[in-house]
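What's in my_file_17.pdb: PDB, C-alpha atoms
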ATOM      1  CA  MET A  15     105.699 106.527 109.410
ATOM      2  CA  PRO A  16     103.723 108.973 107.210
ATOM      3  CA  LYS A  17     104.119 112.602 108.077
ATOM      4  CA  GLU A  18     102.197 115.773 107.383
ATOM      5  CA  ALA A  19     104.204 118.930 106.859
ATOM      6  CA  THR A  20     103.619 122.504 105.887
ATOM      7  CA  THR A  21     106.640 122.794 103.599
ATOM      8  CA  LEU A  22     108.199 120.665 100.907
ATOM      9  CA  THR A  23     111.902 120.927 101.630
ATOM     10  CA  GLY A  24     114.460 121.078  98.867
ATOM     11  CA  ASP A  25     111.977 121.992  96.120
ATOM     12  CA  PRO A  26     112.707 125.521  94.887
ATOM     13  CA  GLU A  27     110.462 125.137  91.825
ATOM     14  CA  SER A  28     107.162 125.373  93.669
ATOM     15  CA  LEU A  29     105.339 126.984  96.547
ATOM     16  CA  ALA A  30     105.089 125.247  99.898
ATOM     17  CA  PRO A  31     102.240 122.722  99.845
ATOM     18  CA  VAL A  32      99.118 123.159 101.932
ATOM     19  CA  GLN A  33      99.209 119.408 102.528
ATOM     20  CA  HIS A  34     102.129 117.020 102.183
ATOM     21  CA  PHE A  35     102.609 113.288 102.472
ATOM     22  CA  GLY A  36     106.065 111.763 102.159
ATOM     23  CA  MET A  37     107.266 108.244 102.840
ATOM     24  CA  ARG A  38     109.892 105.701 101.783
ATOM     25  CA  PHE A  39     108.799 102.343 100.417
ATOM     26  CA  SER A  40     110.598  99.109  99.596
ATOM     27  CA  CYS A  41     111.510  98.988  95.917
ATOM     28  CA  THR A  42     109.226  96.012  95.288
ATOM     29  CA  PRO A  43     105.815  95.523  93.676
ATOM     30  CA  ARG A  44     104.362  95.362  97.182
ATOM     31  CA  GLY A  45     105.974  98.718  98.038
ATOM     32  CA  ALA A  46     104.537 100.292  94.873
ATOM     33  CA  ARG A  47     101.039  98.986  95.711
ATOM     34  CA  LEU A  48     101.295 100.333  99.257
ATOM     35  CA  ALA A  49     102.472 103.734  98.003
ATOM     36  CA  ARG A  50      99.535 103.929  95.600
ATOM     37  CA  ARG A  51      97.059 102.885  98.292
ATOM     38  CA  LEU A  52      98.378 105.383 100.862
ATOM     39  CA  ALA A  53      98.322 108.173  98.267
ATOM     40  CA  ALA A  54      94.675 107.317  97.555
ATOM     41  CA  VAL A  55      93.840 107.422 101.271
ATOM     42  CA  ARG A  56      95.638 110.758 101.646
ATOM     43  CA  LEU A  57      93.853 112.336  98.653
ATOM     44  CA  ASP A  58      90.527 111.263 100.133
ATOM     45  CA  ALA A  59      91.478 112.767 103.510
ATOM     46  CA  TRP A  60      92.392 116.035 101.765
ATOM     47  CA  GLY A  61      88.909 116.245 100.229
ATOM     48  CA  TRP A  62      89.313 114.636  96.796
ATOM     49  CA  ALA A  63      86.959 111.715  97.380
ATOM     50  CA  TYR A  64      87.276 108.221  95.962
ATOM     51  CA  GLY A  65      85.614 108.010  92.576
ATOM     52  CA  THR A  66      86.237 111.630  91.581
ATOM     53  CA  ALA A  67      88.280 112.339  88.457
ATOM     54  CA  VAL A  68      91.000 114.098  90.455
ATOM     55  CA  HIS A  69      91.346 111.180  92.862
ATOM     56  CA  GLU A  70      91.400 108.530  90.142
ATOM     57  CA  GLU A  71      93.817 110.361  87.838
ATOM     58  CA  VAL A  72      96.309 111.405  90.535
ATOM     59  CA  THR A  73      96.250 107.892  91.982
ATOM     60  CA  LEU A  74      96.973 106.535  88.502
ATOM     61  CA  ILE A  75      99.927 108.929  88.140
ATOM     62  CA  VAL A  76     101.270 107.790  91.530
ATOM     63  CA  GLY A  77     100.865 104.148  90.533
ATOM     64  CA  GLU A  78     102.674 104.580  87.212
ATOM     65  CA  LEU A  79     105.613 106.519  88.682
ATOM     66  CA  CYS A  80     106.008 104.065  91.571
ATOM     67  CA  ALA A  81     105.785 101.057  89.232
ATOM     68  CA  ASN A  82     108.495 102.597  87.029
ATOM     69  CA  ALA A  83     110.752 103.100  90.056
ATOM     70  CA  VAL A  84     110.323  99.438  90.998
ATOM     71  CA  ARG A  85     110.727  98.098  87.469
ATOM     72  CA  HIS A  86     113.559 100.292  86.202
ATOM     73  CA  ALA A  87     115.407 101.435  89.338
ATOM     74  CA  HIS A  88     115.337  98.425  91.641
ATOM     75  CA  VAL A  89     118.516  98.005  93.661
ATOM     76  CA  PRO A  90     118.353  95.341  96.402
ATOM     77  CA  GLY A  91     118.272  96.958  99.821
ATOM     78  CA  ARG A  92     117.405 100.442  98.554
ATOM     79  CA  ASP A  93     114.017 102.131  98.787
ATOM     80  CA  PHE A  94     112.155 104.688  96.717
ATOM     81  CA  ARG A  95     110.419 107.746  98.154
ATOM     82  CA  LEU A  96     107.000 109.130  97.314
ATOM     83  CA  ASP A  97     106.186 112.778  97.994
ATOM     84  CA  LEU A  98     102.642 113.975  97.387
ATOM     85  CA  GLY A  99     101.781 117.623  97.905
ATOM     86  CA  ALA A 100      98.832 119.933  97.294
ATOM     87  CA  HIS A 101     100.288 123.329  96.400
ATOM     88  CA  PRO A 102      98.173 126.494  96.526
ATOM     89  CA  GLY A 103      97.741 128.588  93.432
ATOM     90  CA  PRO A 104      96.736 132.223  93.207
ATOM     91  CA  VAL A 105      93.242 133.031  94.443
ATOM     92  CA  GLY A 106      90.738 131.470  92.067
ATOM     93  CA  ALA A 107      93.372 129.244  90.455
ATOM     94  CA  PRO A 108      93.408 125.466  90.865
ATOM     95  CA  VAL A 109      95.515 123.688  93.447
ATOM     96  CA  VAL A 110      98.498 121.901  91.913
ATOM     97  CA  ILE A 111      98.904 118.350  93.149
ATOM     98  CA  ARG A 112     102.559 117.423  92.783
ATOM     99  CA  VAL A 113     103.683 113.792  92.723
ATOM    100  CA  ALA A 114     107.412 113.102  93.050
ATOM    101  CA  VAL A 115     109.049 109.668  93.166
ATOM    102  CA  THR A 116     112.731 109.506  94.037
ATOM    103  CA  ASP A 117     114.823 106.397  93.394
ATOM    104  CA  THR A 118     118.499 105.532  93.777
ATOM    105  CA  VAL A 119     119.455 104.844  90.149
ATOM    106  CA  GLY A 120     120.696 107.890  88.264
ATOM    107  CA  GLU A 121     122.064 106.205  85.166
ATOM    108  CA  ARG A 122     118.688 104.911  83.882
ATOM    109  CA  LEU A 123     116.759 108.018  82.882
ATOM    110  CA  PRO A 124     113.028 108.083  82.150
ATOM    111  CA  VAL A 125     112.274 108.090  78.434
ATOM    112  CA  ALA A 126     108.802 108.072  76.924
ATOM    113  CA  ARG A 127     108.932 106.043  73.742
ATOM    114  CA  PRO A 128     106.326 105.382  71.076
ATOM    115  CA  VAL A 129     104.071 102.490  72.049
ATOM    116  CA  ARG A 130     102.875  99.949  69.546
ATOM    117  CA  PRO A 131      99.335  98.593  70.048
ATOM    118  CA  LEU A 132     100.494  95.066  70.928
ATOM    119  CA  ASP A 133     103.246  96.066  73.375
ATOM    120  CA  ASP A 134     102.769  94.641  76.871
ATOM    121  CA  THR A 135     104.707  97.436  78.597
ATOM    122  CA  GLY A 136     105.963 100.955  78.021
ATOM    123  CA  ARG A 137     102.810 103.011  78.509
ATOM    124  CA  GLY A 138     103.529 104.436  81.988
ATOM    125  CA  LEU A 139     105.145 107.722  81.036
ATOM    126  CA  VAL A 140     102.717 108.169  78.140
ATOM    127  CA  ILE A 141      99.822 107.873  80.602
ATOM    128  CA  VAL A 142     101.492 110.297  83.020
ATOM    129  CA  ALA A 143     102.100 112.819  80.217
ATOM    130  CA  ALA A 144      98.473 112.540  79.099
ATOM    131  CA  LEU A 145      97.087 113.186  82.594
ATOM    132  CA  ALA A 146      99.566 115.684  84.045
ATOM    133  CA  ALA A 147      99.843 119.346  83.118
ATOM    134  CA  ARG A 148     103.625 119.092  83.465
ATOM    135  CA  SER A 149     106.038 116.281  84.188
ATOM    136  CA  GLY A 150     109.753 115.656  84.105
ATOM    137  CA  TRP A 151     112.727 114.482  86.090
ATOM    138  CA  ARG A 152     115.759 115.937  87.847
ATOM    139  CA  PRO A 153     118.852 114.482  89.500
ATOM    140  CA  ARG A 154     118.366 113.518  93.121
ATOM    141  CA  GLU A 155     119.240 116.309  95.514
ATOM    142  CA  GLY A 156     122.397 116.042  97.552
ATOM    143  CA  ARG A 157     125.234 113.699  96.748
ATOM    144  CA  ALA A 158     123.262 110.478  96.811
ATOM    145  CA  PRO A 159     122.786 108.703  93.482
ATOM    146  CA  GLY A 160     119.407 108.715  91.827
ATOM    147  CA  LYS A 161     116.721 110.866  90.279
ATOM    148  CA  THR A 162     113.308 112.296  91.032
ATOM    149  CA  VAL A 163     110.530 111.843  88.496
ATOM    150  CA  TRP A 164     107.661 114.263  89.046
ATOM    151  CA  ALA A 165     104.275 115.245  87.660
ATOM    152  CA  GLU A 166     101.935 118.147  88.369
ATOM    153  CA  TYR A 167      98.153 117.894  88.174
ATOM    154  CA  PRO A 168      95.919 120.995  88.465
ATOM    155  CA  ALA A 169      92.823 120.304  90.562
ATOM    156  CA  VAL A 170      89.860 122.347  91.669
ATOM    157  CA  ARG A 171      89.878 122.821  95.427
ATOM    158  CA  PRO A 172      87.592 120.284  97.112
ATOM    159  CA  SER A 173      84.412 121.757  98.565
TER
END
Here is the file; what I need is its structure written in the form of structure tokens.
Amino acid sequence: MPKEATTLTGDPESLAPVQHFGMRFSCTPRGARLARRLAAVRLDAWGWAYGTAVHEEVTLIVGELCANAVRHAHVPGRDFRLDLGAHPGPVGAPVVIRVAVTDTVGERLPVARPVRPLDDTGRGLVIVAALAARSGWRPREGRAPGKTVWAEYPAVRPS
């Protein structure tokens, strides 16, 4: 069940989000589609309406990171987790929308590689890097195996 929270636990790198959505999804194409759709619904509820650049670009980042988790970190019976948070900046500064996708495979690390024009795959992290202000990965917190791939997108506060 989706939950709203006022803090993003276990994330010392950033301020507590004003809004937060976090949920586990099956590590399947269907789970990735559902994660992307629920992130889109949540962004709209937070004030970044469908069709706006912020909504479209953050939803694309969510879709790419979730698709990578399904494609490269699928382990039968294990889920991936999506965390989406809107973090306040200083007064007058943009909100930072942080997308984090946690999977259960720590030995396959995300690597952006050069993409040739006729390649069918391999553009996900290139797209994320082009849209996000910052992105990266870190080992999964705790003793469980896996990693968290994250991206930060600065956005003007919705009116």
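Closest to Val113 in chain A among A:Met37, A:Val129, A:Val72, A:Val89 is A:Val72, based on only C-alpha atoms.
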query: What does the distance between CA of Ala63 in chain A and CA of Arg51 in chain A come to in Å, to one decimal place?
result: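 One can read the CA of Ala63 in chain A to CA of Arg51 in chain A distance as 13.4 Å.
Minimum atom-to-atom distance to Val76 in chain A, evaluated using only C-alpha atoms, belongs to A:Ala114 out of A:Ala107, A:Ala114, A:Ala100, A:Leu123.
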Contacts between range 116-119 of chain A and range 132-157 of chain A, please, where a residue of range 132-157 of chain A counts if it comes within 10 Å (with all atoms listed in the file); show its shortest atom pair and distance in Å to one decimal, rows by chain and ascending number, as a Markdown table.
| residue | atom | partner | partner_atom | distance |
| --- | --- | --- | --- | --- |
| A:Trp151 | CA | A:Thr116 | CA | 9.4 |
| A:Arg152 | CA | A:Thr116 | CA | 9.4 |
| A:Pro153 | CA | A:Thr116 | CA | 9.1 |
| A:Arg154 | CA | A:Thr116 | CA | 7.0 |
| A:Glu155 | CA | A:Thr116 | CA | 9.5 |
With the PyMOL selection byres ((chain A and resi 79-81) around 12) as the selection, what would be picked from this file? Answer as an mmCIF file with C-alpha atoms, in the coordinates of the input, please.
data_model
loop_
_atom_site.group_PDB
_atom_site.id
_atom_site.type_symbol
_atom_site.label_atom_id
_atom_site.label_comp_id
_atom_site.auth_asym_id
_atom_site.auth_seq_id
_atom_site.Cartn_x
_atom_site.Cartn_y
_atom_site.Cartn_z
ATOM 1 C CA ARG A 38 109.892 105.701 101.783
ATOM 2 C CA PHE A 39 108.799 102.343 100.417
ATOM 3 C CA SER A 40 110.598 99.109 99.596
ATOM 4 C CA CYS A 41 111.510 98.988 95.917
ATOM 5 C CA THR A 42 109.226 96.012 95.288
ATOM 6 C CA PRO A 43 105.815 95.523 93.676
ATOM 7 C CA ARG A 44 104.362 95.362 97.182
ATOM 8 C CA GLY A 45 105.974 98.718 98.038
ATOM 9 C CA ALA A 46 104.537 100.292 94.873
ATOM 10 C CA ARG A 47 101.039 98.986 95.711
ATOM 11 C CA LEU A 48 101.295 100.333 99.257
ATOM 12 C CA ALA A 49 102.472 103.734 98.003
ATOM 13 C CA ARG A 50 99.535 103.929 95.600
ATOM 14 C CA ARG A 51 97.059 102.885 98.292
ATOM 15 C CA ALA A 53 98.322 108.173 98.267
ATOM 16 C CA VAL A 72 96.309 111.405 90.535
ATOM 17 C CA THR A 73 96.250 107.892 91.982
ATOM 18 C CA LEU A 74 96.973 106.535 88.502
ATOM 19 C CA ILE A 75 99.927 108.929 88.140
ATOM 20 C CA VAL A 76 101.270 107.790 91.530
ATOM 21 C CA GLY A 77 100.865 104.148 90.533
ATOM 22 C CA GLU A 78 102.674 104.580 87.212
ATOM 23 C CA ASN A 82 108.495 102.597 87.029
ATOM 24 C CA ALA A 83 110.752 103.100 90.056
ATOM 25 C CA VAL A 84 110.323 99.438 90.998
ATOM 26 C CA ARG A 85 110.727 98.098 87.469
ATOM 27 C CA HIS A 86 113.559 100.292 86.202
ATOM 28 C CA ALA A 87 115.407 101.435 89.338
ATOM 29 C CA HIS A 88 115.337 98.425 91.641
ATOM 30 C CA ASP A 93 114.017 102.131 98.787
ATOM 31 C CA PHE A 94 112.155 104.688 96.717
ATOM 32 C CA ARG A 95 110.419 107.746 98.154
ATOM 33 C CA LEU A 96 107.000 109.130 97.314
ATOM 34 C CA ASP A 97 106.186 112.778 97.994
ATOM 35 C CA LEU A 98 102.642 113.975 97.387
ATOM 36 C CA VAL A 113 103.683 113.792 92.723
ATOM 37 C CA ALA A 114 107.412 113.102 93.050
ATOM 38 C CA VAL A 115 109.049 109.668 93.166
ATOM 39 C CA THR A 116 112.731 109.506 94.037
ATOM 40 C CA ASP A 117 114.823 106.397 93.394
ATOM 41 C CA PRO A 124 113.028 108.083 82.150
ATOM 42 C CA THR A 135 104.707 97.436 78.597
ATOM 43 C CA GLY A 136 105.963 100.955 78.021
ATOM 44 C CA ARG A 137 102.810 103.011 78.509
ATOM 45 C CA GLY A 138 103.529 104.436 81.988
ATOM 46 C CA LEU A 139 105.145 107.722 81.036
ATOM 47 C CA VAL A 140 102.717 108.169 78.140
ATOM 48 C CA ILE A 141 99.822 107.873 80.602
ATOM 49 C CA VAL A 142 101.492 110.297 83.020
ATOM 50 C CA ALA A 143 102.100 112.819 80.217
ATOM 51 C CA ALA A 146 99.566 115.684 84.045
ATOM 52 C CA SER A 149 106.038 116.281 84.188
ATOM 53 C CA GLY A 150 109.753 115.656 84.105
ATOM 54 C CA TRP A 151 112.727 114.482 86.090
ATOM 55 C CA THR A 162 113.308 112.296 91.032
ATOM 56 C CA VAL A 163 110.530 111.843 88.496
ATOM 57 C CA TRP A 164 107.661 114.263 89.046
ATOM 58 C CA ALA A 165 104.275 115.245 87.660
#
field: One-decimal distance in Å that lies between CA of Glu70 in chain A and CA of Arg127 in chain A
entry: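 Atom-to-atom, CA of Arg127 in chain A and CA of Glu70 in chain A are spaced 24.1 Å apart.
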- line: Of A:Arg148, A:Arg171, A:Arg92, A:Lys161, the one nearest to Glu121 in chain A when counting all atoms listed in the file is A:Lys161
- request: Can you work out which one of A:Ile111, A:Ala54, A:Leu145, A:Val105 has the shortest atom-to-atom distance to Val32 in chain A, counting all atoms listed in the file?
  value: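 Of all the options, A:Ile111 lies closest to Val32 in chain A.
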- prompt: Distance CA of His69 in chain A-CA of Pro108 in chain A, one decimal place?
  reply: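 So the answer is 14.6 Å.
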Quick one: axis-aligned box around all listed atoms of range 54-64 of chain A, 5 Å on every side, centre and edge lengths in Å to one decimal, written as AutoDock Vina command-line options.
--center_x 91.3 --center_y 111.8 --center_z 99.7 --size_x 18.7 --size_y 18.9 --size_z 17.5
message: I'd like the neighbourhood of Pro102 in chain A as a PyMOL selection string, where a residue qualifies if any of its atoms comes within 7 Å (using only C-alpha atoms), though same-chain residues fewer than 5 positions away should be ignored.
response: chain A and resi 31-32+109-110
- request: Pick out the closest residue to Leu52 in chain A from this set: A:Phe35, A:Glu166, A:Thr66, A:Glu71. Count all atoms listed in the file.
  value: A:Phe35
Nearest to Gly106 in chain A, chosen from A:Ala147, A:Val170, A:Ala67, A:Gly120, with all atoms listed in the file counted in the distances: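 Smallest distance to Gly106 in chain A is found for A:Val170.
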Repaired coordinates for range 109-120 of chain A (all heavy atoms) as a PDB file, in the frame of the given file:
ATOM      1  N   VAL A 109      94.419 124.237  92.648  1.00  0.00           N
ATOM      2  CA  VAL A 109      95.515 123.688  93.447  1.00  0.00           C
ATOM      3  C   VAL A 109      96.349 122.824  92.496  1.00  0.00           C
ATOM      4  O   VAL A 109      95.814 122.193  91.593  1.00  0.00           O
ATOM      5  CB  VAL A 109      94.947 122.827  94.592  1.00  0.00           C
ATOM      6  CG1 VAL A 109      96.043 122.070  95.318  1.00  0.00           C
ATOM      7  CG2 VAL A 109      94.141 123.676  95.552  1.00  0.00           C
ATOM      8  N   VAL A 110      97.646 122.792  92.693  1.00  0.00           N
ATOM      9  CA  VAL A 110      98.498 121.901  91.913  1.00  0.00           C
ATOM     10  C   VAL A 110      98.893 120.739  92.815  1.00  0.00           C
ATOM     11  O   VAL A 110      99.504 120.937  93.859  1.00  0.00           O
ATOM     12  CB  VAL A 110      99.748 122.622  91.375  1.00  0.00           C
ATOM     13  CG1 VAL A 110     100.685 121.630  90.700  1.00  0.00           C
ATOM     14  CG2 VAL A 110      99.349 123.725  90.416  1.00  0.00           C
ATOM     15  N   ILE A 111      98.500 119.545  92.412  1.00  0.00           N
ATOM     16  CA  ILE A 111      98.904 118.350  93.149  1.00  0.00           C
ATOM     17  C   ILE A 111     100.191 117.870  92.499  1.00  0.00           C
ATOM     18  O   ILE A 111     100.235 117.601  91.303  1.00  0.00           O
ATOM     19  CB  ILE A 111      97.816 117.263  93.103  1.00  0.00           C
ATOM     20  CG1 ILE A 111      96.530 117.791  93.740  1.00  0.00           C
ATOM     21  CG2 ILE A 111      98.312 115.998  93.818  1.00  0.00           C
ATOM     22  CD1 ILE A 111      95.359 116.853  93.640  1.00  0.00           C
ATOM     23  N   ARG A 112     101.248 117.796  93.302  1.00  0.00           N
ATOM     24  CA  ARG A 112     102.559 117.423  92.783  1.00  0.00           C
ATOM     25  C   ARG A 112     102.916 116.039  93.309  1.00  0.00           C
ATOM     26  O   ARG A 112     102.897 115.802  94.511  1.00  0.00           O
ATOM     27  CB  ARG A 112     103.603 118.435  93.215  1.00  0.00           C
ATOM     28  CG  ARG A 112     104.932 118.260  92.538  1.00  0.00           C
ATOM     29  CD  ARG A 112     105.737 119.558  92.717  1.00  0.00           C
ATOM     30  NE  ARG A 112     106.515 119.844  91.548  1.00  0.00           N
ATOM     31  CZ  ARG A 112     107.762 119.432  91.376  1.00  0.00           C
ATOM     32  NH1 ARG A 112     108.351 118.714  92.289  1.00  0.00           N
ATOM     33  NH2 ARG A 112     108.417 119.752  90.288  1.00  0.00           N
ATOM     34  N   VAL A 113     103.242 115.151  92.397  1.00  0.00           N
ATOM     35  CA  VAL A 113     103.683 113.792  92.723  1.00  0.00           C
ATOM     36  C   VAL A 113     105.157 113.716  92.372  1.00  0.00           C
ATOM     37  O   VAL A 113     105.548 114.077  91.264  1.00  0.00           O
ATOM     38  CB  VAL A 113     102.901 112.742  91.895  1.00  0.00           C
ATOM     39  CG1 VAL A 113     103.402 111.337  92.209  1.00  0.00           C
ATOM     40  CG2 VAL A 113     101.408 112.864  92.116  1.00  0.00           C
ATOM     41  N   ALA A 114     105.984 113.264  93.313  1.00  0.00           N
ATOM     42  CA  ALA A 114     107.412 113.102  93.050  1.00  0.00           C
ATOM     43  C   ALA A 114     107.859 111.750  93.599  1.00  0.00           C
ATOM     44  O   ALA A 114     107.581 111.425  94.754  1.00  0.00           O
ATOM     45  CB  ALA A 114     108.216 114.231  93.693  1.00  0.00           C
ATOM     46  N   VAL A 115     108.532 110.975  92.760  1.00  0.00           N
ATOM     47  CA  VAL A 115     109.049 109.668  93.166  1.00  0.00           C
ATOM     48  C   VAL A 115     110.555 109.701  92.973  1.00  0.00           C
ATOM     49  O   VAL A 115     111.047 109.958  91.867  1.00  0.00           O
ATOM     50  CB  VAL A 115     108.412 108.529  92.350  1.00  0.00           C
ATOM     51  CG1 VAL A 115     109.049 107.191  92.708  1.00  0.00           C
ATOM     52  CG2 VAL A 115     106.903 108.478  92.598  1.00  0.00           C
ATOM     53  N   THR A 116     111.276 109.459  94.054  1.00  0.00           N
ATOM     54  CA  THR A 116     112.731 109.506  94.037  1.00  0.00           C
ATOM     55  C   THR A 116     113.277 108.097  94.200  1.00  0.00           C
ATOM     56  O   THR A 116     112.885 107.372  95.114  1.00  0.00           O
ATOM     57  CB  THR A 116     113.261 110.407  95.176  1.00  0.00           C
ATOM     58  OG1 THR A 116     112.685 111.706  95.025  1.00  0.00           O
ATOM     59  CG2 THR A 116     114.774 110.512  95.145  1.00  0.00           C
ATOM     60  N   ASP A 117     114.189 107.712  93.303  1.00  0.00           N
ATOM     61  CA  ASP A 117     114.823 106.397  93.394  1.00  0.00           C
ATOM     62  C   ASP A 117     116.331 106.573  93.524  1.00  0.00           C
ATOM     63  O   ASP A 117     116.820 107.690  93.611  1.00  0.00           O
ATOM     64  CB  ASP A 117     114.440 105.517  92.192  1.00  0.00           C
ATOM     65  CG  ASP A 117     114.915 106.083  90.873  1.00  0.00           C
ATOM     66  OD1 ASP A 117     116.112 106.439  90.745  1.00  0.00           O
ATOM     67  OD2 ASP A 117     114.095 106.164  89.936  1.00  0.00           O
ATOM     68  N   THR A 118     117.052 105.475  93.536  1.00  0.00           N
ATOM     69  CA  THR A 118     118.499 105.532  93.777  1.00  0.00           C
ATOM     70  C   THR A 118     119.335 105.164  92.555  1.00  0.00           C
ATOM     71  O   THR A 118     120.521 104.886  92.682  1.00  0.00           O
ATOM     72  CB  THR A 118     118.877 104.596  94.944  1.00  0.00           C
ATOM     73  OG1 THR A 118     118.492 103.275  94.614  1.00  0.00           O
ATOM     74  CG2 THR A 118     118.215 105.035  96.232  1.00  0.00           C
ATOM     75  N   VAL A 119     118.727 105.177  91.376  1.00  0.00           N
ATOM     76  CA  VAL A 119     119.455 104.844  90.149  1.00  0.00           C
ATOM     77  C   VAL A 119     119.448 106.070  89.241  1.00  0.00           C
ATOM     78  O   VAL A 119     118.411 106.440  88.700  1.00  0.00           O
ATOM     79  CB  VAL A 119     118.827 103.626  89.435  1.00  0.00           C
ATOM     80  CG1 VAL A 119     119.521 103.356  88.116  1.00  0.00           C
ATOM     81  CG2 VAL A 119     118.898 102.407  90.336  1.00  0.00           C
ATOM     82  N   GLY A 120     120.606 106.688  89.083  1.00  0.00           N
ATOM     83  CA  GLY A 120     120.696 107.890  88.264  1.00  0.00           C
ATOM     84  C   GLY A 120     121.088 107.648  86.830  1.00  0.00           C
ATOM     85  O   GLY A 120     120.928 108.515  85.981  1.00  0.00           O
TER      86      GLY A 120
END
